[in-house]
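J.: Questions regarding the structure given below will be posed in turn.
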Amino acid sequence: MIFQAFFAALGQMSDPRFMRVLWRGVGLSLGLLIAIGLALGILVEMILPGSVSLPFIGTVGGLGIAAAIGVAVAMLVASVFLMVPVAAAFSAIFLDEVADAVEASHYPGQVGKPLPLAEGIADSALLFAVMVAVNLVALALSFVLGPLGPMLFWAVNGWLLGREYFLMAARRHLPRDQAVALASRHRGKLWIAGTLMAAPLSLPLVSLFIPVLGAATFTHLFQGLRNS
């Protein structure tokens with residue numbers, strides 16, 4: 001069932017409705033990261049003095065500009081790690097469109113009701129916060145675990161993505177308590193499916209497709225598990 005859902009979702013990735021959600025998430029993520037980088041660079045340049053006098057060296061200028069460049073480089077490096085959770089959070093706002101496309105194409109008599117926008121934004125913010133927190137912990141532990149670090153990353157993100165994406169799909173059809181109960185009954189399958197989504201997160205470009213692919217896969221999974 002898991003691989004059936006995955007390949008069915010993969011086969012629909014060229015759907016224009018999928019692509020709209022993907023490019024919206026990536027565009028908003030890039031815009032946010034660039035805006036943060038520019039704001040930090042300007043702030044640092046404003047705070048630091050234009051020049052300082054050092055013993056035996058004399059006056060050294062351009063500190064603000066040098067610091068701003070340093071901030072830009074730091075943001076570029078950080079974006080490698082932040083792009084995935086940020087893109088996932090932005091894409092989550094629009095994932096109802098992916099679920100609509102899947103259900104309209106494969107389950108025409110069972111199209112769910114999109115979540116209210118405010119609820120979708122709240123879920124996106126929670127998903128972003130949890131993904132950042134969990135991945136920071138996993139990153140810290142990876143230094144201790146060495147070669148086992150990637151396995152921890154996949155396992156932790158597999159659990160997180162499996163649960164959250166399934167609940168996003170299930171809550172279009174069920175009250176939250178029933179959706180949570182259904183997720184609990186099938187937690188093992190959801191973890192395996194989530195790990196299938198988490199493994200490509202280590203690949204910078206491929207990882208950008210995961211929110212859309214995950215939403216589609218778990219929409220298929222929900223439809224398959226709801227009556228099991």
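Going through the structure tokens in order, the chains are called A, B, and so on, while each chain numbers its residues from 1 and the ligands are numbered from 1 in the order shown.
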Can you pull out the residues contacting Val21 of chain A? Cut-off 8 Å, using only C-alpha atoms, and skip same-chain residues under 2 positions away; I want them as a PyMOL selection string.
T.: chain A and resi 17-19+23-25+91+94-95+97-98+212
J.: One number please: atom CA of Leu22 of chain A to atom CA of Tyr165 of chain A, in Å, one decimal.
T.: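 Here the two named atoms are 15.6 Å from each other.
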J.: Can you work out which one of A:Leu127, A:Ala199, A:Ala169, A:Ala181 has the shortest atom-to-atom distance to Val102 of chain A, counting only C-alpha atoms?
T.: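 So, comparing all the options, the nearest one is A:Ala169.
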J.: What does the distance between atom CA of Leu115 of chain A and atom CA of Leu161 of chain A come to in Å, to one decimal place?
T.: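 Atom CA of Leu161 of chain A lies 18.4 Å from atom CA of Leu115 of chain A.
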J.: Find the distance between atom CA of Ser184 of chain A and atom CA of Ala8 of chain A and write it in Å to one decimal.
T.: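 Computed distance, atom CA of Ser184 of chain A to atom CA of Ala8 of chain A, equals 23.9 Å.
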J.: Find, counting only C-alpha atoms, the residue in A:Ala101, A:Ile34, A:Ala9, A:Ala125 that gets nearest to Ala74 of chain A.
T.: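 The shortest atom-to-atom distance to Ala74 of chain A comes from A:Ile34.
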J.: As a CSV table (one decimal) with N, CA, C and O atoms, in the first residue's frame, please: every residue in segment 90-127 of chain A that DSSP puts in alpha helix (DSSP H).
T.:
```
chain,number,residue,atom,x,y,z
A,90,PHE,N,5.8,26.8,4.2
A,90,PHE,CA,5.1,27.6,3.2
A,90,PHE,C,4.2,26.7,2.4
A,90,PHE,O,3.0,27.0,2.1
A,91,SER,N,4.8,25.6,1.9
A,91,SER,CA,4.0,24.7,1.1
A,91,SER,C,2.8,24.1,1.8
A,91,SER,O,1.7,23.9,1.2
A,92,ALA,N,2.9,23.9,3.1
A,92,ALA,CA,1.8,23.3,3.9
A,92,ALA,C,0.6,24.2,3.8
A,92,ALA,O,-0.5,23.7,4.0
A,93,ILE,N,0.8,25.5,3.7
A,93,ILE,CA,-0.4,26.4,3.6
A,93,ILE,C,-1.2,26.1,2.4
A,93,ILE,O,-2.4,26.2,2.4
A,95,LEU,N,-1.2,23.0,0.7
A,95,LEU,CA,-1.2,21.5,0.4
A,95,LEU,C,-2.6,21.0,0.2
A,95,LEU,O,-2.8,19.9,-0.4
A,96,ASP,N,-3.6,21.8,0.6
A,96,ASP,CA,-5.0,21.4,0.3
A,96,ASP,C,-5.2,21.3,-1.2
A,96,ASP,O,-6.0,20.5,-1.7
A,97,GLU,N,-4.5,22.1,-1.9
A,97,GLU,CA,-4.6,22.1,-3.4
A,97,GLU,C,-4.1,20.8,-4.0
A,97,GLU,O,-4.6,20.3,-4.9
A,98,VAL,N,-3.0,20.3,-3.3
A,98,VAL,CA,-2.5,19.0,-3.8
A,98,VAL,C,-3.4,17.9,-3.5
A,98,VAL,O,-3.7,17.0,-4.3
A,99,ALA,N,-4.0,17.9,-2.3
A,99,ALA,CA,-5.0,16.9,-1.9
A,99,ALA,C,-6.2,16.9,-2.8
A,99,ALA,O,-6.8,15.9,-3.2
A,100,ASP,N,-6.7,18.2,-3.1
A,100,ASP,CA,-7.8,18.3,-4.0
A,100,ASP,C,-7.5,17.7,-5.4
A,100,ASP,O,-8.4,17.0,-6.0
A,101,ALA,N,-6.3,17.9,-5.9
A,101,ALA,CA,-5.9,17.4,-7.2
A,101,ALA,C,-5.9,15.9,-7.2
A,101,ALA,O,-6.3,15.2,-8.1
A,102,VAL,N,-5.3,15.3,-6.1
A,102,VAL,CA,-5.3,13.8,-6.0
A,102,VAL,C,-6.7,13.2,-5.9
A,102,VAL,O,-7.0,12.3,-6.6
A,103,GLU,N,-7.5,13.8,-5.0
A,103,GLU,CA,-8.8,13.2,-4.8
A,103,GLU,C,-9.7,13.4,-6.0
A,103,GLU,O,-10.5,12.6,-6.4
A,104,ALA,N,-9.6,14.6,-6.7
A,104,ALA,CA,-10.4,14.8,-7.9
A,104,ALA,C,-10.0,13.8,-9.0
A,104,ALA,O,-10.9,13.4,-9.8
A,105,SER,N,-8.7,13.5,-9.1
A,105,SER,CA,-8.2,12.6,-10.2
A,105,SER,C,-8.5,11.1,-9.8
A,105,SER,O,-8.8,10.3,-10.7
A,106,HIS,N,-8.3,10.7,-8.5
A,106,HIS,CA,-8.3,9.3,-8.2
A,106,HIS,C,-9.5,8.9,-7.3
A,106,HIS,O,-9.9,7.7,-7.3
A,117,LEU,N,-8.2,28.7,6.3
A,117,LEU,CA,-6.8,29.3,6.1
A,117,LEU,C,-6.1,29.5,7.4
A,117,LEU,O,-4.9,29.2,7.5
A,118,ALA,N,-6.8,30.1,8.4
A,118,ALA,CA,-6.1,30.3,9.7
A,118,ALA,C,-5.6,29.0,10.3
A,118,ALA,O,-4.5,29.0,10.8
A,119,GLU,N,-6.4,28.0,10.2
A,119,GLU,CA,-5.9,26.7,10.7
A,119,GLU,C,-4.8,26.1,10.0
A,119,GLU,O,-3.8,25.5,10.5
A,120,GLY,N,-4.8,26.3,8.6
A,120,GLY,CA,-3.7,25.9,7.8
A,120,GLY,C,-2.4,26.6,8.1
A,120,GLY,O,-1.3,26.0,8.2
A,121,ILE,N,-2.5,27.9,8.3
A,121,ILE,CA,-1.3,28.7,8.7
A,121,ILE,C,-0.8,28.3,10.1
A,121,ILE,O,0.5,28.1,10.3
A,122,ALA,N,-1.7,28.0,11.0
A,122,ALA,CA,-1.2,27.6,12.3
A,122,ALA,C,-0.5,26.2,12.3
A,122,ALA,O,0.5,26.0,12.9
A,123,ASP,N,-1.1,25.3,11.5
A,123,ASP,CA,-0.5,24.0,11.3
A,123,ASP,C,0.9,24.1,10.6
A,123,ASP,O,1.9,23.4,11.0
A,124,SER,N,1.0,25.1,9.7
A,124,SER,CA,2.3,25.3,9.0
A,124,SER,C,3.3,25.8,9.9
A,124,SER,O,4.5,25.4,9.9
A,125,ALA,N,2.9,26.8,10.8
A,125,ALA,CA,3.9,27.3,11.8
A,125,ALA,C,4.3,26.2,12.8
A,125,ALA,O,5.5,26.2,13.1
A,126,LEU,N,3.4,25.4,13.2
A,126,LEU,CA,3.7,24.3,14.1
A,126,LEU,C,4.7,23.3,13.4
A,126,LEU,O,5.7,22.9,14.1
A,127,LEU,N,4.4,23.0,12.2
A,127,LEU,CA,5.2,22.0,11.5
A,127,LEU,C,6.7,22.6,11.3
A,127,LEU,O,7.7,21.9,11.5
```
J.: Closest to His186 of chain A among A:Leu40, A:Ala133, A:Ile2, A:Met168, using only C-alpha atoms?
T.: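 Answer, going by the shortest atom-to-atom distance: A:Ile2.
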J.: Which residues come within 10 Å of Phe166 of chain A, counting only C-alpha atoms, excluding same-chain residues fewer than 5 positions away, as an MDAnalysis selection string?
T.: chainID A and resid 161 171 179:180 182:183 187 190 193:194 214:222
J.: Give me a file of those residues, with all heavy atoms, as a compact mmCIF listing (two decimals), in the first residue's frame.
T.:
```txt
# COMPACT_ATOMS: atom_id res chain seq x y z
N LEU A 161 7.22 13.60 9.69
CA LEU A 161 6.53 13.83 8.43
C LEU A 161 5.36 12.87 8.25
O LEU A 161 4.29 13.26 7.77
CB LEU A 161 7.50 13.67 7.26
CG LEU A 161 8.60 14.73 7.14
CD1 LEU A 161 9.55 14.38 6.01
CD2 LEU A 161 8.02 16.11 6.93
N ARG A 171 -7.66 15.19 8.19
CA ARG A 171 -8.53 16.22 8.77
C ARG A 171 -9.40 16.91 7.72
O ARG A 171 -10.30 17.66 8.05
CB ARG A 171 -7.69 17.24 9.54
CG ARG A 171 -7.17 16.67 10.86
CD ARG A 171 -6.17 17.58 11.52
NE ARG A 171 -6.77 18.86 11.80
CZ ARG A 171 -6.08 19.99 11.94
NH1 ARG A 171 -4.77 19.99 11.78
NH2 ARG A 171 -6.69 21.13 12.21
N ALA A 179 -9.05 11.73 13.41
CA ALA A 179 -7.86 11.69 12.56
C ALA A 179 -6.65 11.22 13.37
O ALA A 179 -5.85 10.40 12.90
CB ALA A 179 -7.60 13.07 11.95
N VAL A 180 -6.52 11.74 14.60
CA VAL A 180 -5.41 11.34 15.47
C VAL A 180 -5.51 9.86 15.83
O VAL A 180 -4.52 9.13 15.85
CB VAL A 180 -5.38 12.22 16.74
CG1 VAL A 180 -4.37 11.67 17.75
CG2 VAL A 180 -5.03 13.66 16.38
N LEU A 182 -6.94 7.48 14.08
CA LEU A 182 -6.61 6.69 12.89
C LEU A 182 -5.10 6.66 12.68
O LEU A 182 -4.53 5.61 12.35
CB LEU A 182 -7.31 7.29 11.67
CG LEU A 182 -7.13 6.54 10.34
CD1 LEU A 182 -7.69 5.12 10.44
CD2 LEU A 182 -7.80 7.31 9.19
N ALA A 183 -4.44 7.81 12.88
CA ALA A 183 -2.98 7.87 12.74
C ALA A 183 -2.31 6.96 13.77
O ALA A 183 -1.32 6.28 13.46
CB ALA A 183 -2.49 9.30 12.90
N ARG A 187 0.40 3.80 13.04
CA ARG A 187 1.64 4.57 13.23
C ARG A 187 2.85 3.92 12.55
O ARG A 187 3.74 4.63 12.05
CB ARG A 187 1.91 4.81 14.71
CG ARG A 187 2.16 3.57 15.54
CD ARG A 187 2.61 3.93 16.95
NE ARG A 187 1.55 4.59 17.68
CZ ARG A 187 0.65 3.94 18.45
NH1 ARG A 187 0.69 2.62 18.52
NH2 ARG A 187 -0.27 4.60 19.12
N LEU A 190 2.76 4.67 8.84
CA LEU A 190 3.01 6.09 8.62
C LEU A 190 4.49 6.41 8.82
O LEU A 190 5.05 7.26 8.11
CB LEU A 190 2.15 6.94 9.56
CG LEU A 190 0.63 6.74 9.45
CD1 LEU A 190 -0.09 7.77 10.30
CD2 LEU A 190 0.18 6.84 7.99
N ALA A 193 6.31 5.18 5.71
CA ALA A 193 6.04 6.10 4.59
C ALA A 193 6.73 7.44 4.81
O ALA A 193 7.25 8.04 3.86
CB ALA A 193 4.54 6.29 4.44
N GLY A 194 6.74 7.92 6.05
CA GLY A 194 7.41 9.18 6.35
C GLY A 194 8.91 9.09 6.14
O GLY A 194 9.54 10.04 5.66
N GLY A 214 4.89 14.43 -0.50
CA GLY A 214 4.39 13.88 0.76
C GLY A 214 2.90 14.08 0.91
O GLY A 214 2.18 13.14 1.30
N ALA A 215 2.40 15.26 0.58
CA ALA A 215 0.96 15.52 0.69
C ALA A 215 0.18 14.59 -0.23
O ALA A 215 -0.87 14.04 0.16
CB ALA A 215 0.67 16.97 0.33
N ALA A 216 0.67 14.38 -1.44
CA ALA A 216 -0.02 13.49 -2.39
C ALA A 216 0.02 12.04 -1.91
O ALA A 216 -0.99 11.33 -1.94
CB ALA A 216 0.60 13.62 -3.77
N THR A 217 1.20 11.60 -1.46
CA THR A 217 1.35 10.22 -1.00
C THR A 217 0.43 9.92 0.17
O THR A 217 -0.27 8.89 0.20
CB THR A 217 2.81 9.95 -0.58
OG1 THR A 217 3.67 10.12 -1.72
CG2 THR A 217 2.98 8.53 -0.05
N PHE A 218 0.37 10.84 1.13
CA PHE A 218 -0.43 10.59 2.33
C PHE A 218 -1.93 10.79 2.07
O PHE A 218 -2.75 10.26 2.82
CB PHE A 218 0.08 11.43 3.49
CG PHE A 218 1.31 10.84 4.12
CD1 PHE A 218 2.56 11.19 3.69
CD2 PHE A 218 1.19 9.88 5.11
CE1 PHE A 218 3.70 10.62 4.25
CE2 PHE A 218 2.31 9.29 5.67
CZ PHE A 218 3.57 9.66 5.24
N THR A 219 -2.26 11.50 1.04
CA THR A 219 -3.68 11.55 0.63
C THR A 219 -4.11 10.18 0.14
O THR A 219 -5.18 9.67 0.49
CB THR A 219 -3.90 12.61 -0.46
OG1 THR A 219 -3.55 13.90 0.05
CG2 THR A 219 -5.35 12.64 -0.91
N HIS A 220 -3.25 9.55 -0.68
CA HIS A 220 -3.54 8.18 -1.14
C HIS A 220 -3.58 7.22 0.05
O HIS A 220 -4.45 6.35 0.12
CB HIS A 220 -2.47 7.72 -2.13
CG HIS A 220 -2.59 8.31 -3.50
ND1 HIS A 220 -3.64 8.01 -4.35
CD2 HIS A 220 -1.78 9.18 -4.18
CE1 HIS A 220 -3.47 8.67 -5.50
NE2 HIS A 220 -2.35 9.37 -5.42
N LEU A 221 -2.63 7.37 0.97
CA LEU A 221 -2.59 6.47 2.13
C LEU A 221 -3.85 6.60 2.97
O LEU A 221 -4.41 5.60 3.43
CB LEU A 221 -1.36 6.78 2.99
CG LEU A 221 -0.08 6.01 2.69
CD1 LEU A 221 1.03 6.44 3.63
CD2 LEU A 221 -0.30 4.51 2.81
N PHE A 222 -4.26 7.84 3.20
CA PHE A 222 -5.48 8.03 3.99
C PHE A 222 -6.67 7.34 3.34
O PHE A 222 -7.45 6.65 4.00
CB PHE A 222 -5.77 9.52 4.18
CG PHE A 222 -7.17 9.77 4.71
CD1 PHE A 222 -7.48 9.51 6.03
CD2 PHE A 222 -8.17 10.23 3.87
CE1 PHE A 222 -8.78 9.70 6.52
CE2 PHE A 222 -9.46 10.42 4.34
CZ PHE A 222 -9.76 10.15 5.67
```
